[in-house]
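Only one structure is covered here, and it is reproduced in the block below.
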Amino acid sequence: MTELRPLPTADPIVRGVRIVVSAITRTTAWRWAAPRVMPPVERALAAATGGRAQLSSLFVPSLILTTTGAKSGLPRDTVLMYTADGHGRAIVAGTNWAAATHPAWTYNLLAHPEAVITVRGRRYAVRASVIEGDARDRVWRHLESQWPEYRAYERDSGRTVRLFLLTLLRVEGP
């Protein structure tokens with residue numbers, strides 16, 4: 001299960017593109033439009049490619065997180081940016097476009113920590129754990145090494161963003 005490895009961020013072109021795009025994602029216009037436009041586009045692209053491609057993966061590593069609904073018990077898919085921790089695990093942040101409320105998928109993981117992720121078309125069973133305490137600052141620094149100023153979403157939301165460590169349990173399917 002070597003799929004979740006850190007991507008090189010030393011490339012000055014990649015770093016430059018991420019700096020520019022991350023600045024755009026912090027604008028009011030982006031934060032209004034993105035939650036309305038990105039999810040249906042990401043779902044359609046994932047369906048068309050069997051989860052092998054996401055629009056967001058043009059800029060950052062992305063995965064499809066399949067959780068069990070906290071209330072409904074039904075499977076729920078969400079495309080998220082992830083950061084590999086260098087130990088075969090993924091870190092995801094419930095930024096919710098800097099909204100004042102936590103995203104639904106975070107409630108799902110709190111209620112049902114076992115989930116499935118799809119990375120470049122491969123499915124993995126994972127167990128989620130909340131990252132708390134002193135580890136949060138280290139994790140935010142690690143996240144921002146991939147996506148500059150990512151923690152601005154937390155500051156702008158006025159809430160403590162839920163951070164999750166996704167530990168791989170097994171490969172699902174072939």
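Letters A, B, ... mark the chains of the structure tokens in the order given; residue numbers begin at 1 per chain; ligand numbers begin at 1, in order shown.
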
Next on the checklist: Could you list, as a PyMOL selection string, every residue within 7 Å of segment 72-80 of chain A, counting only C-alpha atoms and ignoring same-chain residues fewer than 6 positions away?
Outcome noted: chain A and resi 42+62-66

Item to check | DSSP-assigned strand (DSSP E) among segment 37-145 of chain A, expressed as a PyMOL selection string | outcome: chain A and resi 62-68+75-81+83-84+90-93+114-119+122-130

Next on the checklist: At a cut-off of 10 Å, using only C-alpha atoms, what residues contact Trp105 of chain A? Leave out same-chain residues fewer than 2 positions from it and give the result as a ChimeraX atom specification.
Outcome noted: /A:65-70,76-78,94,96,102-103,107-111

For the selection just defined, write its residues with all heavy atoms to a file, as a short mmCIF file (atom, residue, chain, number, x, y, z; two decimals), in the first residue's frame.
data_model
loop_
_atom_site.label_atom_id
_atom_site.label_comp_id
_atom_site.auth_asym_id
_atom_site.auth_seq_id
_atom_site.Cartn_x
_atom_site.Cartn_y
_atom_site.Cartn_z
N LEU A 65 -13.52 9.88 -0.16
CA LEU A 65 -13.78 9.31 1.16
C LEU A 65 -15.23 8.81 1.17
O LEU A 65 -16.15 9.57 0.92
CB LEU A 65 -13.60 10.36 2.25
CG LEU A 65 -13.99 9.95 3.67
CD1 LEU A 65 -13.04 8.87 4.18
CD2 LEU A 65 -13.98 11.16 4.59
N THR A 66 -15.39 7.52 1.42
CA THR A 66 -16.73 6.93 1.53
C THR A 66 -16.97 6.64 3.01
O THR A 66 -16.31 5.79 3.60
CB THR A 66 -16.85 5.65 0.70
OG1 THR A 66 -16.52 5.94 -0.66
CG2 THR A 66 -18.27 5.09 0.77
N THR A 67 -17.89 7.39 3.57
CA THR A 67 -18.25 7.24 4.98
C THR A 67 -19.63 6.61 5.08
O THR A 67 -20.36 6.52 4.10
CB THR A 67 -18.28 8.62 5.69
OG1 THR A 67 -19.23 9.46 5.03
CG2 THR A 67 -16.91 9.28 5.69
N THR A 68 -19.98 6.22 6.29
CA THR A 68 -21.33 5.77 6.58
C THR A 68 -22.06 6.91 7.24
O THR A 68 -21.56 7.49 8.22
CB THR A 68 -21.30 4.55 7.54
OG1 THR A 68 -20.57 3.51 6.89
CG2 THR A 68 -22.71 4.07 7.86
N GLY A 69 -23.22 7.29 6.71
CA GLY A 69 -23.97 8.42 7.23
C GLY A 69 -24.26 8.27 8.72
O GLY A 69 -24.72 7.22 9.15
N ALA A 70 -23.98 9.31 9.48
CA ALA A 70 -24.18 9.27 10.94
C ALA A 70 -25.63 9.02 11.30
O ALA A 70 -25.93 8.30 12.25
CB ALA A 70 -23.70 10.57 11.57
N ARG A 76 -21.77 7.56 1.90
CA ARG A 76 -21.66 8.94 1.42
C ARG A 76 -20.25 9.18 0.88
O ARG A 76 -19.28 8.90 1.57
CB ARG A 76 -21.92 9.94 2.55
CG ARG A 76 -23.26 9.78 3.24
CD ARG A 76 -24.39 10.15 2.33
NE ARG A 76 -25.66 10.11 3.06
CZ ARG A 76 -26.82 10.03 2.47
NH1 ARG A 76 -26.90 9.97 1.18
NH2 ARG A 76 -27.92 9.99 3.19
N ASP A 77 -20.15 9.67 -0.34
CA ASP A 77 -18.85 9.95 -0.96
C ASP A 77 -18.54 11.43 -0.93
O ASP A 77 -19.42 12.27 -1.20
CB ASP A 77 -18.84 9.50 -2.42
CG ASP A 77 -18.83 8.00 -2.60
OD1 ASP A 77 -18.52 7.29 -1.61
OD2 ASP A 77 -19.11 7.53 -3.71
N THR A 78 -17.28 11.74 -0.62
CA THR A 78 -16.81 13.12 -0.61
C THR A 78 -15.41 13.15 -1.19
O THR A 78 -14.56 12.34 -0.80
CB THR A 78 -16.75 13.68 0.83
OG1 THR A 78 -18.01 13.50 1.46
CG2 THR A 78 -16.38 15.15 0.83
N GLY A 94 -11.36 18.96 7.86
CA GLY A 94 -12.75 19.35 7.64
C GLY A 94 -12.91 20.86 7.54
O GLY A 94 -13.60 21.46 8.35
N ASN A 96 -14.37 22.68 5.13
CA ASN A 96 -15.71 23.06 4.66
C ASN A 96 -15.73 24.45 4.03
O ASN A 96 -16.64 25.23 4.27
CB ASN A 96 -16.73 22.96 5.81
CG ASN A 96 -18.14 22.78 5.30
OD1 ASN A 96 -18.35 22.33 4.18
ND2 ASN A 96 -19.11 23.12 6.13
N HIS A 102 -19.14 22.46 10.62
CA HIS A 102 -18.32 21.32 10.22
C HIS A 102 -18.99 20.62 9.04
O HIS A 102 -20.21 20.55 8.96
CB HIS A 102 -18.19 20.32 11.37
CG HIS A 102 -17.43 20.85 12.54
ND1 HIS A 102 -16.07 21.06 12.53
CD2 HIS A 102 -17.85 21.22 13.77
CE1 HIS A 102 -15.68 21.52 13.69
NE2 HIS A 102 -16.74 21.65 14.47
N PRO A 103 -18.19 20.06 8.12
CA PRO A 103 -18.79 19.32 7.01
C PRO A 103 -19.42 18.02 7.50
O PRO A 103 -18.98 17.42 8.49
CB PRO A 103 -17.60 19.05 6.08
CG PRO A 103 -16.39 19.18 6.93
CD PRO A 103 -16.73 20.12 8.04
N TYR A 107 -18.93 14.46 10.81
CA TYR A 107 -19.88 13.82 11.73
C TYR A 107 -19.97 12.33 11.45
O TYR A 107 -20.07 11.52 12.37
CB TYR A 107 -21.27 14.46 11.61
CG TYR A 107 -21.31 15.89 12.07
CD1 TYR A 107 -21.27 16.93 11.16
CD2 TYR A 107 -21.39 16.19 13.43
CE1 TYR A 107 -21.32 18.25 11.59
CE2 TYR A 107 -21.44 17.52 13.87
CZ TYR A 107 -21.39 18.54 12.94
OH TYR A 107 -21.43 19.84 13.37
N ASN A 108 -19.94 11.98 10.16
CA ASN A 108 -20.00 10.57 9.78
C ASN A 108 -18.80 9.80 10.34
O ASN A 108 -18.96 8.71 10.88
CB ASN A 108 -20.06 10.42 8.26
CG ASN A 108 -21.31 11.00 7.66
OD1 ASN A 108 -22.28 11.31 8.35
ND2 ASN A 108 -21.30 11.18 6.35
N LEU A 109 -17.60 10.39 10.22
CA LEU A 109 -16.41 9.71 10.74
C LEU A 109 -16.41 9.62 12.26
O LEU A 109 -15.93 8.63 12.82
CB LEU A 109 -15.13 10.42 10.29
CG LEU A 109 -14.67 10.18 8.86
CD1 LEU A 109 -13.36 10.91 8.59
CD2 LEU A 109 -14.53 8.70 8.55
N LEU A 110 -16.95 10.63 12.92
CA LEU A 110 -17.04 10.56 14.38
C LEU A 110 -17.97 9.43 14.81
O LEU A 110 -17.70 8.73 15.78
CB LEU A 110 -17.52 11.90 14.95
CG LEU A 110 -16.54 13.07 14.83
CD1 LEU A 110 -17.20 14.36 15.26
CD2 LEU A 110 -15.26 12.82 15.62
N ALA A 111 -19.06 9.25 14.08
CA ALA A 111 -20.03 8.21 14.41
C ALA A 111 -19.57 6.82 13.96
O ALA A 111 -19.82 5.82 14.63
CB ALA A 111 -21.39 8.53 13.79
#

Next on the checklist: Can you tell me which residues surround Thr101 of chain A at a distance of at most 12 Å, considering only C-alpha atoms, apart from same-chain residues fewer than 6 positions away, and format the answer as a list in words?
Outcome noted: Gly94, Thr95, Tyr107, Tyr153, Glu154, Asp156, Ser157, Gly158, Arg159, Thr160, Val161 and Arg162 of chain A

Would you output that residue set with N, CA and C atoms, as a compact mmCIF listing (two decimals), in the first residue's frame?
# COMPACT_ATOMS: atom_id res chain seq x y z
N GLY A 94 -11.36 18.96 7.86
CA GLY A 94 -12.75 19.35 7.64
C GLY A 94 -12.91 20.86 7.54
N THR A 95 -12.29 21.45 6.54
CA THR A 95 -12.30 22.91 6.40
C THR A 95 -13.65 23.45 5.94
N TYR A 107 -18.93 14.46 10.81
CA TYR A 107 -19.88 13.82 11.73
C TYR A 107 -19.97 12.33 11.45
N TYR A 153 -8.31 28.65 6.42
CA TYR A 153 -9.69 28.19 6.44
C TYR A 153 -10.19 28.05 7.88
N GLU A 154 -9.34 27.55 8.75
CA GLU A 154 -9.73 27.40 10.15
C GLU A 154 -9.91 28.77 10.80
N ASP A 156 -10.58 31.61 9.39
CA ASP A 156 -11.72 32.33 8.80
C ASP A 156 -13.06 31.71 9.18
N SER A 157 -13.07 30.43 9.52
CA SER A 157 -14.33 29.76 9.85
C SER A 157 -14.80 30.10 11.26
N GLY A 158 -13.87 30.51 12.14
CA GLY A 158 -14.23 30.81 13.52
C GLY A 158 -14.46 29.56 14.37
N ARG A 159 -14.01 28.40 13.87
CA ARG A 159 -14.18 27.16 14.62
C ARG A 159 -12.88 26.36 14.54
N THR A 160 -12.79 25.36 15.38
CA THR A 160 -11.64 24.46 15.32
C THR A 160 -11.95 23.38 14.28
N VAL A 161 -11.19 23.40 13.20
CA VAL A 161 -11.39 22.44 12.12
C VAL A 161 -11.00 21.05 12.62
N ARG A 162 -11.82 20.09 12.29
CA ARG A 162 -11.53 18.70 12.66
C ARG A 162 -10.49 18.14 11.70

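Going from atom CA of Ala100 of chain A to atom CA of Arg43 of chain A covers 23.9 Å.
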
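Using only C-alpha atoms, the nearest neighbour of Leu143 of chain A within the list A:Ala46, A:Ala53, A:Ala33, A:Ala90 is A:Ala90.
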
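Distances from A:Ala104, A:Ala115, A:Ala34, A:Val20 to Leu165 of chain A were compared using only C-alpha atoms, and the smallest one belongs to A:Ala115.
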
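Candidate residues A:Ala93, A:Val60, A:Ala98, A:Leu169 were compared for distance to Glu114 of chain A, and the nearest is A:Leu169, using only C-alpha atoms.
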
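Note that the spacing between atom CA of Ile24 of chain A and atom CA of Arg151 of chain A amounts to 14.5 Å.
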
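Counting from atom CA of Ala125 of chain A, the distance to atom CA of Thr49 of chain A is 20.0 Å.
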
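Look at Val92 of chain A: the protein and nucleic acid residues within 6 Å of it, using only C-alpha atoms and passing over chain neighbours fewer than 2 places away, are Tyr82, Leu163 and Phe164 of chain A.
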
Preceding selection exported with N, CA and C atoms as a PDB file, in the first residue's frame:
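Output file again_5.pdb follows:
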ATOM      1  N   TYR A  82      -5.968  15.370   0.403  1.00  0.00           N
ATOM      2  CA  TYR A  82      -5.316  14.678   1.512  1.00  0.00           C
ATOM      3  C   TYR A  82      -3.833  14.967   1.475  1.00  0.00           C
ATOM      4  N   LEU A 163      -9.415  17.624  12.268  1.00  0.00           N
ATOM      5  CA  LEU A 163      -8.363  16.972  11.492  1.00  0.00           C
ATOM      6  C   LEU A 163      -8.434  15.475  11.778  1.00  0.00           C
ATOM      7  N   PHE A 164      -8.320  14.664  10.735  1.00  0.00           N
ATOM      8  CA  PHE A 164      -8.393  13.214  10.887  1.00  0.00           C
ATOM      9  C   PHE A 164      -7.169  12.546  10.283  1.00  0.00           C
TER      10      PHE A 164
END

Checklist outcome for this item: For Trp140 of chain A, the closest of A:Arg120, A:Ile91, A:Val21, A:Gly173 counting only C-alpha atoms is A:Ile91
